[in-house]
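**Q** I'm passing along query16.txt; it holds compact mmCIF, C-alpha atoms (C1' of nucleotides).
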```
# COMPACT_ATOMS: atom_id res chain seq x y z
CA MET S 716 89.15 182.73 39.24
CA LYS S 717 86.56 182.21 36.49
CA LYS S 718 83.55 180.10 37.37
CA SER S 719 84.50 177.21 35.09
CA HIS S 720 88.02 177.12 36.52
CA LEU S 721 86.68 177.21 40.05
CA ASP S 722 84.36 174.35 39.20
CA ALA S 723 87.23 172.28 37.83
CA ALA S 724 89.34 173.07 40.88
CA ILE S 725 86.55 171.91 43.21
CA GLY S 726 86.44 168.63 41.31
CA GLU S 727 90.21 168.24 41.59
CA LEU S 728 90.10 168.89 45.30
CA ILE S 729 87.40 166.30 45.98
CA HIS S 730 89.17 163.77 43.78
CA ALA S 731 92.51 164.38 45.46
CA VAL S 732 91.31 163.92 49.02
CA GLY S 733 89.30 160.81 48.13
CA LEU S 734 92.28 159.29 46.37
CA LEU S 735 94.66 160.10 49.18
CA VAL S 736 92.38 158.59 51.82
CA ARG S 737 92.19 155.35 49.86
CA ARG S 738 95.96 155.35 49.46
CA VAL S 739 96.58 155.97 53.15
CA ARG S 740 94.07 153.32 54.19
CA ALA S 741 95.68 150.79 51.88
CA ALA S 742 99.01 151.44 53.60
CA ALA S 743 97.60 150.45 56.99
CA GLY S 744 99.24 147.60 58.87
CA PRO S 745 97.33 144.70 60.44
CA GLU S 746 97.01 146.14 63.96
CA GLU S 747 96.37 149.66 62.74
CA LEU S 748 93.62 151.97 63.98
CA SER S 749 91.08 153.34 61.51
CA LEU S 750 91.43 156.97 60.44
CA SER S 751 88.47 157.84 62.63
CA ALA S 752 89.82 156.05 65.68
CA ALA S 753 93.19 157.75 65.27
CA ALA S 754 91.38 161.08 64.90
CA VAL S 755 89.59 160.51 68.22
CA LEU S 756 92.87 159.84 70.02
CA LYS S 757 94.38 162.92 68.42
CA ARG S 758 91.52 165.04 69.69
CA LEU S 759 91.71 163.64 73.19
CA ASP S 760 95.42 164.37 73.14
CA GLN S 761 94.93 167.96 72.03
CA ASP S 762 91.72 168.94 73.82
CA GLY S 763 91.56 166.60 76.81
CA PRO S 764 88.58 164.44 77.88
CA ALA S 765 85.43 164.74 75.75
CA THR S 766 81.96 163.23 75.48
CA ILE S 767 80.83 160.90 72.72
CA SER S 768 78.48 163.53 71.29
CA SER S 769 81.11 166.22 71.14
CA LEU S 770 83.55 163.83 69.46
CA ALA S 771 80.87 162.85 66.97
CA ARG S 772 80.16 166.47 66.11
CA ALA S 773 83.85 167.26 65.78
CA GLU S 774 84.43 164.35 63.41
CA SER S 775 81.24 164.74 61.38
CA MET S 776 79.67 161.46 62.38
CA THR S 777 76.52 160.32 64.18
CA SER S 778 76.85 159.67 67.90
CA GLN S 779 75.94 156.03 67.26
CA SER S 780 78.93 155.61 64.97
CA MET S 781 81.19 157.41 67.41
CA GLY S 782 79.88 155.17 70.17
CA THR S 783 81.07 152.15 68.21
CA ILE S 784 84.52 153.64 67.69
CA VAL S 785 84.89 154.60 71.34
CA ALA S 786 83.71 151.16 72.43
CA ALA S 787 86.39 149.57 70.25
CA LEU S 788 89.09 151.85 71.67
CA GLU S 789 87.84 150.99 75.15
CA GLU S 790 87.90 147.28 74.34
CA ASP S 791 91.48 147.78 73.20
CA GLY S 792 92.32 149.47 76.48
CA LEU S 793 93.38 152.74 74.84
CA VAL S 794 90.67 154.91 76.40
CA LYS S 795 88.39 154.68 79.42
CA ARG S 796 85.18 156.45 80.38
CA LYS S 797 84.52 158.46 83.51
CA PRO S 798 81.06 159.64 84.60
CA HIS S 799 80.42 163.29 83.85
CA PRO S 800 80.64 165.32 87.10
CA THR S 801 77.32 167.15 86.70
CA ASP S 802 75.36 165.41 83.91
CA GLY S 803 74.41 161.80 84.65
CA ARG S 804 73.74 161.01 81.00
CA GLN S 805 77.22 161.77 79.78
CA PHE S 806 80.64 160.18 80.03
CA LEU S 807 84.02 161.79 79.64
CA ILE S 808 86.26 159.74 77.40
CA GLN S 809 89.93 159.93 78.28
CA PHE S 810 93.23 158.19 77.68
CA THR S 811 94.44 155.21 79.64
CA GLU S 812 98.18 154.99 80.31
CA LYS S 813 98.39 152.37 77.59
CA GLY S 814 96.53 154.71 75.25
CA LYS S 815 99.00 157.52 75.80
CA VAL S 816 101.88 155.22 74.99
CA LEU S 817 100.32 153.54 71.96
CA ARG S 818 98.58 156.57 70.44
CA LYS S 819 101.03 157.06 67.60
CA SER S 820 102.43 153.60 67.16
CA ARG S 821 98.97 152.24 66.37
CA SER S 822 98.90 154.45 63.27
CA ALA S 823 102.53 153.86 62.40
CA ALA S 824 102.16 152.34 58.93
CA LYS S 825 99.83 155.05 57.68
CA ARG S 826 102.04 157.77 59.10
CA ALA S 827 105.12 156.13 57.62
CA TRP S 828 103.56 155.99 54.17
CA MET S 829 102.58 159.64 54.36
CA ALA S 830 105.98 160.69 55.71
CA GLN S 831 107.80 158.86 52.93
CA ALA S 832 105.52 160.43 50.31
CA VAL S 833 105.93 163.93 51.71
CA ALA S 834 109.69 163.48 51.92
CA GLN S 835 109.81 163.22 48.13
CA LEU S 836 108.43 166.73 47.74
CA ASP S 837 110.54 169.85 47.78
CA LYS S 838 110.27 172.18 50.74
CA ASP S 839 107.87 174.66 49.11
CA GLU S 840 105.44 171.90 48.24
CA GLN S 841 105.60 170.53 51.77
CA ASP S 842 104.78 173.96 53.13
CA VAL S 843 101.78 174.27 50.80
CA LEU S 844 100.54 170.89 51.95
CA PHE S 845 100.83 171.59 55.66
CA GLU S 846 99.25 175.00 55.25
CA ALA S 847 96.43 173.35 53.30
CA ALA S 848 95.93 170.79 56.07
CA LYS S 849 95.07 173.56 58.51
CA ILE S 850 92.68 175.17 56.05
CA LEU S 851 90.99 171.85 55.24
CA LYS S 852 90.45 171.12 58.89
CA ARG S 853 88.85 174.48 59.50
CA LEU S 854 86.70 173.92 56.42
CA ALA S 855 85.51 170.51 57.54
CA GLU S 856 84.74 171.64 61.05
CA ARG S 857 82.49 174.44 59.98
CA MET K 825 111.39 171.64 59.71
CA LYS K 826 112.37 169.84 62.91
CA LYS K 827 111.51 166.17 63.09
CA SER K 828 108.89 166.59 65.83
CA HIS K 829 107.19 169.39 63.90
CA LEU K 830 107.20 167.33 60.73
CA ASP K 831 105.71 164.45 62.64
CA ALA K 832 102.92 166.65 63.98
CA ALA K 833 102.27 168.08 60.53
CA ILE K 834 101.95 164.56 59.06
CA GLY K 835 99.35 163.79 61.71
CA GLU K 836 97.46 166.98 60.93
CA LEU K 837 97.46 166.19 57.24
CA ILE K 838 96.09 162.68 57.69
CA HIS K 839 93.49 163.92 60.14
CA ALA K 840 92.40 166.74 57.84
CA VAL K 841 91.87 164.61 54.75
CA GLY K 842 90.01 161.93 56.70
CA LEU K 843 87.76 164.51 58.27
CA LEU K 844 87.06 166.23 54.99
CA VAL K 845 86.17 163.00 53.23
CA ARG K 846 83.65 162.18 55.95
CA ARG K 847 82.22 165.67 55.69
CA VAL K 848 81.90 165.53 51.91
CA ARG K 849 80.36 162.07 51.99
CA ALA K 850 77.82 163.22 54.57
CA ALA K 851 76.78 166.00 52.20
CA ALA K 852 75.89 163.52 49.45
CA GLY K 853 72.37 163.55 48.08
CA PRO K 854 70.24 160.41 47.65
CA GLU K 855 71.11 159.72 44.00
CA GLU K 856 74.73 160.67 44.40
CA LEU K 857 77.70 158.69 43.11
CA SER K 858 80.36 157.51 45.54
CA LEU K 859 83.67 159.38 45.59
CA SER K 860 85.28 156.47 43.77
CA ALA K 861 82.62 156.29 41.08
CA ALA K 862 82.86 160.02 40.47
CA ALA K 863 86.64 159.67 40.30
CA VAL K 864 86.30 157.03 37.58
CA LEU K 865 84.09 159.29 35.48
CA LYS K 866 86.52 162.13 35.98
CA ARG K 867 89.38 160.00 34.72
CA LEU K 868 87.45 158.78 31.69
CA ASP K 869 86.64 162.40 30.94
CA GLN K 870 90.25 163.51 31.19
CA ASP K 871 92.11 160.51 29.79
CA GLY K 872 89.56 158.80 27.54
CA PRO K 873 88.62 155.08 27.56
CA ALA K 874 90.52 152.88 30.02
CA THR K 875 90.59 149.29 31.23
CA ILE K 876 89.41 148.15 34.64
CA SER K 877 92.95 147.30 35.72
CA SER K 878 94.35 150.66 34.75
CA LEU K 879 91.52 152.45 36.55
CA ALA K 880 92.13 150.30 39.61
CA ARG K 881 95.81 151.17 39.63
CA ALA K 882 95.10 154.86 39.13
CA GLU K 883 92.65 154.95 42.03
CA SER K 884 94.64 152.72 44.39
CA MET K 885 92.14 149.88 44.54
CA THR K 886 92.05 146.19 43.66
CA SER K 887 90.73 145.31 40.21
CA GLN K 888 87.89 143.39 41.89
CA SER K 889 86.73 146.50 43.68
CA MET K 890 87.02 148.57 40.53
CA GLY K 891 85.06 145.89 38.68
CA THR K 892 82.20 146.40 41.11
CA ILE K 893 82.26 150.15 40.65
CA VAL K 894 82.36 149.93 36.86
CA ALA K 895 79.54 147.36 36.90
CA ALA K 896 77.40 149.76 38.94
CA LEU K 897 78.13 152.63 36.54
CA GLU K 898 77.28 150.34 33.66
CA GLU K 899 74.04 149.28 35.35
CA ASP K 900 73.26 152.97 35.71
CA GLY K 901 73.90 153.49 32.02
CA LEU K 902 76.69 156.02 32.59
CA VAL K 903 79.46 153.96 31.00
CA LYS K 904 79.68 151.05 28.57
CA ARG K 905 82.38 148.55 27.73
CA LYS K 906 83.94 147.87 24.36
CA PRO K 907 86.18 144.88 23.62
CA HIS K 908 89.86 145.75 23.50
CA PRO K 909 91.03 145.85 19.85
CA THR K 910 94.04 143.58 20.32
CA ASP K 911 93.71 141.90 23.73
CA GLY K 912 90.71 139.62 24.09
CA ARG K 913 90.89 139.66 27.89
CA GLN K 914 90.44 143.38 28.28
CA PHE K 915 87.61 145.86 27.88
CA LEU K 916 87.78 149.57 27.28
CA ILE K 917 85.42 151.43 29.56
CA GLN K 918 83.97 154.60 28.07
CA PHE K 919 81.18 157.11 28.54
CA THR K 920 77.69 156.65 27.20
CA GLU K 921 75.89 159.79 26.00
CA LYS K 922 73.90 159.72 29.22
CA GLY K 923 77.13 159.46 31.18
CA LYS K 924 78.60 162.55 29.53
CA VAL K 925 75.50 164.52 30.42
CA LEU K 926 75.14 163.26 33.99
CA ARG K 927 78.81 163.16 34.97
CA LYS K 928 78.74 166.25 37.13
CA SER K 929 75.12 166.42 38.20
CA ARG K 930 75.43 162.99 39.85
CA SER K 931 77.95 164.52 42.26
CA ALA K 932 76.14 167.81 42.61
CA ALA K 933 75.48 167.82 46.36
CA LYS K 934 79.06 166.97 47.28
CA ARG K 935 80.40 169.57 44.87
CA ALA K 936 77.95 172.14 46.17
CA TRP K 937 79.00 171.56 49.75
CA MET K 938 82.66 171.91 48.84
CA ALA K 939 82.04 175.00 46.71
CA GLN K 940 80.13 176.69 49.52
CA ALA K 941 82.87 175.84 52.00
CA VAL K 942 85.65 177.09 49.72
CA ALA K 943 83.71 180.29 48.99
CA GLN K 944 84.07 181.25 52.66
CA LEU K 945 87.85 181.34 52.38
CA ASP K 946 89.82 184.32 51.21
CA LYS K 947 91.54 184.16 47.86
CA ASP K 948 94.99 183.26 49.18
CA GLU K 949 93.61 180.34 51.10
CA GLN K 950 91.72 179.11 48.06
CA ASP K 951 94.92 179.23 46.03
CA VAL K 952 96.77 177.22 48.68
CA LEU K 953 94.01 174.63 48.63
CA PHE K 954 93.92 174.21 44.88
CA GLU K 955 97.68 174.07 44.68
CA ALA K 956 97.65 171.44 47.42
CA ALA K 957 95.07 169.39 45.50
CA LYS K 958 97.51 168.97 42.63
CA ILE K 959 100.32 168.00 44.98
CA LEU K 960 98.13 165.52 46.87
CA LYS K 961 97.07 163.85 43.66
CA ARG K 962 100.65 163.44 42.50
CA LEU K 963 101.50 162.09 45.93
CA ALA K 964 98.71 159.53 45.93
CA GLU K 965 99.46 158.33 42.43
CA ARG K 966 103.06 157.53 43.13
C1' DT O 894 60.42 167.87 75.77
C1' DA O 895 65.23 167.69 74.43
C1' DT O 896 69.55 165.41 74.86
C1' DT O 897 72.96 161.56 75.80
C1' DG O 898 73.99 157.33 75.00
C1' DT O 899 72.82 152.17 73.67
C1' DT O 900 71.14 148.38 70.87
C1' DA O 901 69.66 146.40 66.64
C1' DT O 902 69.92 146.33 61.90
C1' DA O 903 71.37 147.35 57.29
C1' DC O 904 73.89 149.56 53.70
C1' DT O 905 78.20 151.11 51.19
C1' DC O 906 82.80 150.47 50.03
C1' DT O 907 86.62 147.64 49.63
C1' DA O 908 89.43 143.44 50.43
C1' DT O 909 90.88 138.37 49.84
C1' DA O 910 90.34 133.99 47.63
C1' DA O 911 89.22 131.04 43.91
C1' DC O 912 88.12 130.73 39.23
C1' DT O 913 87.94 131.31 33.79
C1' DA O 914 89.72 132.98 29.63
C1' DT O 915 93.29 134.89 27.00
C1' DA O 916 98.22 136.20 26.19
C1' DT P 1260 103.11 131.24 33.43
C1' DA P 1261 101.31 135.76 33.83
C1' DT P 1262 97.58 138.93 33.29
C1' DA P 1263 92.46 140.69 32.81
C1' DG P 1264 88.38 140.13 34.49
C1' DT P 1265 84.43 137.68 37.30
C1' DT P 1266 82.14 135.59 41.21
C1' DA P 1267 81.69 134.62 46.03
C1' DT P 1268 82.42 135.92 50.52
C1' DA P 1269 83.79 138.75 54.31
C1' DG P 1270 85.13 142.81 56.81
C1' DA P 1271 85.35 147.76 58.04
C1' DG P 1272 82.96 151.85 58.59
C1' DT P 1273 78.96 154.33 58.98
C1' DA P 1274 73.90 155.20 58.82
C1' DT P 1275 68.88 154.97 60.41
C1' DA P 1276 65.46 153.59 63.75
C1' DA P 1277 63.83 152.57 68.25
C1' DC P 1278 64.75 152.82 72.94
C1' DA P 1279 66.16 154.07 78.05
C1' DA P 1280 67.89 157.32 81.24
C1' DT P 1281 68.59 161.90 82.56
C1' DA P 1282 68.14 166.95 82.08
```
Please render this file's structure as structure tokens.

**A**
Amino acid sequence: MKKSHLDAAIGELIHAVGLLVRRVRAAAGPEELSLSAAAVLKRLDQDGPATISSLARAESMTSQSMGTIVAALEEDGLVKRKPHPTDGRQFLIQFTEKGKVLRKSRSAAKRAWMAQAVAQLDKDEQDVLFEAAKILKRLAER
Amino acid sequence: MKKSHLDAAIGELIHAVGLLVRRVRAAAGPEELSLSAAAVLKRLDQDGPATISSLARAESMTSQSMGTIVAALEEDGLVKRKPHPTDGRQFLIQFTEKGKVLRKSRSAAKRAWMAQAVAQLDKDEQDVLFEAAKILKRLAER
DNA sequence: TATTGTTATACTCTATAACTATA
DNA sequence: TATAGTTATAGAGTATAACAATA
């Protein structure tokens, strides 16, 4: 790809993700979790209990911001904290029973909007999108 | 794709774009434009002068929010407003000379981060990403 | 000394509500 | 009446700074 084309493509990519995030957020229902809060639950589901710092690193946020998100999830009864077995400074954040049950339903409106949008694409386009999601995640985590 | 796989892929997609937006935002330099402000300049560049309402619709925001963004760009001297030729309520937002010159440099740090990240992918992955950007944009604009 | 987490504070982005002017 | 834009106000999300406890 020529440099000018690459440059334009970078601009398109940034624009597209920004736009989509705004669109998804706007679709959120009244009781919905934020994108970040949903991301935390997703990580706990996939990787098991984790500390606030590790969650913050994984989601590209400061630990203070992650602390706020975890506190809100705790307040909501979706996660609880357990003392770290060997390090007295840390806590392991993990699901409550309620959290396991409500994990997806608390992001239902956003997921529904996205599902409806994706359903309007043909199969090849869907595949490109889901492949891209994996690449984007790797990119952002580096 | 089976329903459960599709459901998981939807979750991955939402997670990935949210994460990437946070990552890109965190890369922003001190004088950088917001993602939304950069998106407005990009649209003016591609489509020519536009009204606040049309920009708001295009970027999935309320016209009040877009008014704030345009006012900030105006304050910065990057855009100016011209009365609409036939409708006395509307304004056409367009670039100033300064705006044309500074359009990309005011998003330089975010673009640089993304360019560096994309450069670490192999060519096939880059193609998937840029193809996905087009699809995502169509999706978000519907 | 470095790291984990908390508290306090402030900024950015966007929304809702109420209004004015024009169509 | 309906639409374009403005002003005022509020909320969500995240950051920086200063601190306490533990490693």

**Q** From the options O:DT902, O:DT894, O:DT915, O:DT907, which residue's atoms come nearest to chain S, counting only C-alpha atoms (C1' of nucleotides)?

**A** O:DT907

**Q** Fit chain S to chain K, using all C-alpha atoms paired in sequence order for the least-squares superposition, and then show me the result as a compact mmCIF listing (two decimals) with C-alpha atoms, in the coordinates of the input.

**A**
```
# COMPACT_ATOMS: atom_id res chain seq x y z
CA MET S 716 111.36 171.71 59.71
CA LYS S 717 112.38 169.88 62.89
CA LYS S 718 111.53 166.20 63.09
CA SER S 719 108.93 166.62 65.83
CA HIS S 720 107.21 169.40 63.90
CA LEU S 721 107.23 167.34 60.73
CA ASP S 722 105.72 164.45 62.65
CA ALA S 723 102.94 166.66 63.99
CA ALA S 724 102.30 168.07 60.53
CA ILE S 725 101.97 164.56 59.07
CA GLY S 726 99.38 163.79 61.72
CA GLU S 727 97.48 166.98 60.92
CA LEU S 728 97.49 166.18 57.24
CA ILE S 729 96.11 162.66 57.69
CA HIS S 730 93.49 163.92 60.13
CA ALA S 731 92.43 166.72 57.81
CA VAL S 732 91.90 164.58 54.73
CA GLY S 733 90.05 161.90 56.70
CA LEU S 734 87.78 164.50 58.26
CA LEU S 735 87.10 166.22 54.98
CA VAL S 736 86.20 162.97 53.22
CA ARG S 737 83.68 162.15 55.93
CA ARG S 738 82.25 165.65 55.68
CA VAL S 739 81.94 165.50 51.91
CA ARG S 740 80.38 162.05 52.00
CA ALA S 741 77.84 163.19 54.57
CA ALA S 742 76.81 165.99 52.21
CA ALA S 743 75.92 163.52 49.46
CA GLY S 744 72.38 163.52 48.11
CA PRO S 745 70.26 160.38 47.66
CA GLU S 746 71.10 159.72 43.99
CA GLU S 747 74.73 160.69 44.38
CA LEU S 748 77.70 158.71 43.08
CA SER S 749 80.36 157.52 45.52
CA LEU S 750 83.68 159.38 45.57
CA SER S 751 85.28 156.47 43.76
CA ALA S 752 82.61 156.29 41.07
CA ALA S 753 82.87 160.03 40.47
CA ALA S 754 86.66 159.66 40.29
CA VAL S 755 86.30 157.01 37.57
CA LEU S 756 84.09 159.28 35.47
CA LYS S 757 86.54 162.13 35.97
CA ARG S 758 89.37 159.98 34.71
CA LEU S 759 87.45 158.78 31.69
CA ASP S 760 86.64 162.39 30.94
CA GLN S 761 90.26 163.49 31.18
CA ASP S 762 92.12 160.49 29.76
CA GLY S 763 89.58 158.78 27.52
CA PRO S 764 88.64 155.06 27.55
CA ALA S 765 90.52 152.86 30.03
CA THR S 766 90.58 149.27 31.25
CA ILE S 767 89.39 148.12 34.65
CA SER S 768 92.94 147.29 35.75
CA SER S 769 94.34 150.64 34.78
CA LEU S 770 91.50 152.42 36.57
CA ALA S 771 92.10 150.29 39.64
CA ARG S 772 95.79 151.14 39.67
CA ALA S 773 95.09 154.82 39.17
CA GLU S 774 92.63 154.92 42.06
CA SER S 775 94.59 152.69 44.43
CA MET S 776 92.09 149.87 44.57
CA THR S 777 92.01 146.17 43.66
CA SER S 778 90.68 145.31 40.22
CA GLN S 779 87.86 143.37 41.90
CA SER S 780 86.67 146.49 43.69
CA MET S 781 86.99 148.55 40.53
CA GLY S 782 85.03 145.89 38.68
CA THR S 783 82.16 146.39 41.11
CA ILE S 784 82.22 150.16 40.65
CA VAL S 785 82.32 149.91 36.87
CA ALA S 786 79.51 147.36 36.89
CA ALA S 787 77.37 149.77 38.92
CA LEU S 788 78.12 152.65 36.54
CA GLU S 789 77.26 150.35 33.64
CA GLU S 790 74.02 149.30 35.34
CA ASP S 791 73.24 152.99 35.70
CA GLY S 792 73.88 153.52 32.01
CA LEU S 793 76.68 156.03 32.57
CA VAL S 794 79.46 153.96 31.00
CA LYS S 795 79.65 151.07 28.56
CA ARG S 796 82.37 148.55 27.74
CA LYS S 797 83.92 147.88 24.36
CA PRO S 798 86.18 144.90 23.60
CA HIS S 799 89.85 145.80 23.51
CA PRO S 800 91.05 145.89 19.87
CA THR S 801 94.09 143.64 20.35
CA ASP S 802 93.77 141.97 23.77
CA GLY S 803 90.77 139.65 24.13
CA ARG S 804 90.93 139.69 27.92
CA GLN S 805 90.44 143.40 28.31
CA PHE S 806 87.60 145.86 27.90
CA LEU S 807 87.77 149.57 27.30
CA ILE S 808 85.40 151.43 29.57
CA GLN S 809 83.96 154.59 28.07
CA PHE S 810 81.18 157.10 28.52
CA THR S 811 77.68 156.65 27.20
CA GLU S 812 75.88 159.78 25.99
CA LYS S 813 73.89 159.73 29.20
CA GLY S 814 77.13 159.47 31.16
CA LYS S 815 78.59 162.54 29.52
CA VAL S 816 75.51 164.53 30.38
CA LEU S 817 75.12 163.30 33.95
CA ARG S 818 78.80 163.18 34.94
CA LYS S 819 78.74 166.27 37.11
CA SER S 820 75.13 166.43 38.16
CA ARG S 821 75.42 163.03 39.84
CA SER S 822 77.96 164.52 42.25
CA ALA S 823 76.12 167.80 42.62
CA ALA S 824 75.48 167.81 46.37
CA LYS S 825 79.06 166.97 47.27
CA ARG S 826 80.40 169.57 44.87
CA ALA S 827 77.94 172.14 46.17
CA TRP S 828 79.01 171.55 49.76
CA MET S 829 82.66 171.90 48.83
CA ALA S 830 82.03 175.00 46.71
CA GLN S 831 80.12 176.69 49.51
CA ALA S 832 82.88 175.85 52.00
CA VAL S 833 85.64 177.10 49.72
CA ALA S 834 83.70 180.28 49.00
CA GLN S 835 84.05 181.24 52.66
CA LEU S 836 87.83 181.33 52.38
CA ASP S 837 89.80 184.32 51.21
CA LYS S 838 91.51 184.16 47.85
CA ASP S 839 94.97 183.27 49.18
CA GLU S 840 93.60 180.33 51.11
CA GLN S 841 91.71 179.11 48.06
CA ASP S 842 94.90 179.23 46.04
CA VAL S 843 96.77 177.22 48.69
CA LEU S 844 94.02 174.62 48.65
CA PHE S 845 93.92 174.20 44.89
CA GLU S 846 97.69 174.08 44.69
CA ALA S 847 97.65 171.44 47.43
CA ALA S 848 95.08 169.40 45.52
CA LYS S 849 97.51 168.98 42.64
CA ILE S 850 100.33 168.01 44.98
CA LEU S 851 98.14 165.52 46.87
CA LYS S 852 97.09 163.86 43.66
CA ARG S 853 100.65 163.45 42.51
CA LEU S 854 101.52 162.09 45.95
CA ALA S 855 98.73 159.53 45.93
CA GLU S 856 99.47 158.36 42.43
CA ARG S 857 103.07 157.58 43.13
```

**Q** Within 12 Å of Lys718 (chain S), counting only C-alpha atoms (C1' of nucleotides), which residues qualify if same-chain residues fewer than 6 places away don't, as a PyMOL selection string?

**A** (chain S and resi 724-725) or (chain K and resi 939+943)

**Q** Please measure the separation of CA of Ala874 (chain K) and CA of Lys961 (chain K), giving the value in Å to one decimal.

**A**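 Interatomic distance, CA of Ala874 (chain K) to CA of Lys961 (chain K): 18.7 Å.
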
**Q** Compute the distance from (67.9, 151.0, 63.6) to each atom, counting only C-alpha atoms (C1' of nucleotides), keep the residues with any atom at most 10 Å away, and return them as a list of chain:residue names; use the coordinates of the file.

**A**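 Residues satisfying the cut-off, written out: O:DT900, O:DA901, O:DT902, O:DA903, P:DA1274, P:DT1275, P:DA1276, P:DA1277.
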
**Q** Give one line per residue of chain P that approaches chain S to at most 12 Å, naming the two atoms of the closest pair and their distance in Å to one decimal, counting only C-alpha atoms (C1' of nucleotides); sort by chain then ascending residue number and deliver it as CSV.

**A**
```
residue,atom,partner,partner_atom,distance
P:DA1271,C1',S:Ser749,CA,8.7
P:DG1272,C1',S:Ser780,CA,8.4
P:DT1273,C1',S:Ser780,CA,6.1
P:DA1274,C1',S:Thr777,CA,7.9
P:DT1275,C1',S:Gln779,CA,9.9
P:DA1276,C1',S:Gln779,CA,11.3
P:DA1279,C1',S:Arg804,CA,10.7
P:DA1280,C1',S:Arg804,CA,6.9
P:DT1281,C1',S:Arg804,CA,5.5
P:DA1282,C1',S:Asp802,CA,7.6
```

**Q** Residues of chain O were defined as contacting chain K if any atom lay at most 9 Å from it, counting all atoms listed in the file; please report them as a PyMOL selection string.

**A** chain O and resi 905-908+914-916

**Q** Would you mind exporting C-alpha atoms (C1' of nucleotides) of the selected residues as a compact mmCIF listing (two decimals), in the coordinates of the input?

**A**
```
# COMPACT_ATOMS: atom_id res chain seq x y z
C1' DT O 905 78.20 151.11 51.19
C1' DC O 906 82.80 150.47 50.03
C1' DT O 907 86.62 147.64 49.63
C1' DA O 908 89.43 143.44 50.43
C1' DA O 914 89.72 132.98 29.63
C1' DT O 915 93.29 134.89 27.00
C1' DA O 916 98.22 136.20 26.19
```

**Q** With distances taken over all atoms listed in the file, which residue among S:Gln809, S:Gln841, S:Ser769, S:Ser719 lies nearest chain K?

**A**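 For chain K, the nearest of the candidates is S:Gln841.
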
**Q** With all atoms listed in the file as the basis for distance, which of K:Leu879, K:Leu916, K:Leu843, K:Ala895 is at the shortest distance from chain S?

**A**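 Result for the nearest residue to chain S: K:Leu843.
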
**Q** With a cut-off of 9 Å and counting only C-alpha atoms, select all residues of chain K in contact with chain S and give the selection as JSON, numbers by chain.

**A** {"K": [830, 831, 833, 834, 835, 836, 837, 838, 839, 840, 841, 842, 843, 844, 845, 846, 847, 848, 850, 859, 860, 862, 863, 866, 882, 883, 884, 885, 934, 935, 938, 939, 941, 942, 944, 945, 949, 950, 952, 953, 954, 955, 956, 957, 958, 959, 960, 961, 962, 963, 964, 965, 966]}

**Q** Those same residues, written as a compact mmCIF listing (two decimals), keeping the file's coordinate frame with C-alpha atoms?

**A**
```txt
# COMPACT_ATOMS: atom_id res chain seq x y z
CA LEU K 830 107.20 167.33 60.73
CA ASP K 831 105.71 164.45 62.64
CA ALA K 833 102.27 168.08 60.53
CA ILE K 834 101.95 164.56 59.06
CA GLY K 835 99.35 163.79 61.71
CA GLU K 836 97.46 166.98 60.93
CA LEU K 837 97.46 166.19 57.24
CA ILE K 838 96.09 162.68 57.69
CA HIS K 839 93.49 163.92 60.14
CA ALA K 840 92.40 166.74 57.84
CA VAL K 841 91.87 164.61 54.75
CA GLY K 842 90.01 161.93 56.70
CA LEU K 843 87.76 164.51 58.27
CA LEU K 844 87.06 166.23 54.99
CA VAL K 845 86.17 163.00 53.23
CA ARG K 846 83.65 162.18 55.95
CA ARG K 847 82.22 165.67 55.69
CA VAL K 848 81.90 165.53 51.91
CA ALA K 850 77.82 163.22 54.57
CA LEU K 859 83.67 159.38 45.59
CA SER K 860 85.28 156.47 43.77
CA ALA K 862 82.86 160.02 40.47
CA ALA K 863 86.64 159.67 40.30
CA LYS K 866 86.52 162.13 35.98
CA ALA K 882 95.10 154.86 39.13
CA GLU K 883 92.65 154.95 42.03
CA SER K 884 94.64 152.72 44.39
CA MET K 885 92.14 149.88 44.54
CA LYS K 934 79.06 166.97 47.28
CA ARG K 935 80.40 169.57 44.87
CA MET K 938 82.66 171.91 48.84
CA ALA K 939 82.04 175.00 46.71
CA ALA K 941 82.87 175.84 52.00
CA VAL K 942 85.65 177.09 49.72
CA GLN K 944 84.07 181.25 52.66
CA LEU K 945 87.85 181.34 52.38
CA GLU K 949 93.61 180.34 51.10
CA GLN K 950 91.72 179.11 48.06
CA VAL K 952 96.77 177.22 48.68
CA LEU K 953 94.01 174.63 48.63
CA PHE K 954 93.92 174.21 44.88
CA GLU K 955 97.68 174.07 44.68
CA ALA K 956 97.65 171.44 47.42
CA ALA K 957 95.07 169.39 45.50
CA LYS K 958 97.51 168.97 42.63
CA ILE K 959 100.32 168.00 44.98
CA LEU K 960 98.13 165.52 46.87
CA LYS K 961 97.07 163.85 43.66
CA ARG K 962 100.65 163.44 42.50
CA LEU K 963 101.50 162.09 45.93
CA ALA K 964 98.71 159.53 45.93
CA GLU K 965 99.46 158.33 42.43
CA ARG K 966 103.06 157.53 43.13
```

**Q** For CA of Glu746 (chain S) and CA of Ala771 (chain S), determine how far apart the two atoms are, in Å to one decimal place.

**A**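 One can read the CA of Glu746 (chain S) to CA of Ala771 (chain S) distance as 23.4 Å.
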
**Q** Interatomic distance between CA of Gly814 (chain S) and CA of Thr801 (chain S)?

**A** 25.6 Å

**Q** Taking (82.1, 157.0, 29.0) as a centre in this file's frame and 10 Å as the limit, can you find every polymer residue with an atom that close, using all atoms listed in the file, and give them as a list in words?

**A**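 The distance filter leaves exactly Val864, Leu865, Lys866, Arg867, Leu868, Asp869, Gly872, Pro873, Ala874, Leu897, Glu898, Gly901, Leu902, Val903, Lys904, Arg905, Leu916, Ile917, Gln918, Phe919, Thr920, Glu921, Lys922, Gly923, Lys924 and Arg927 of chain K.
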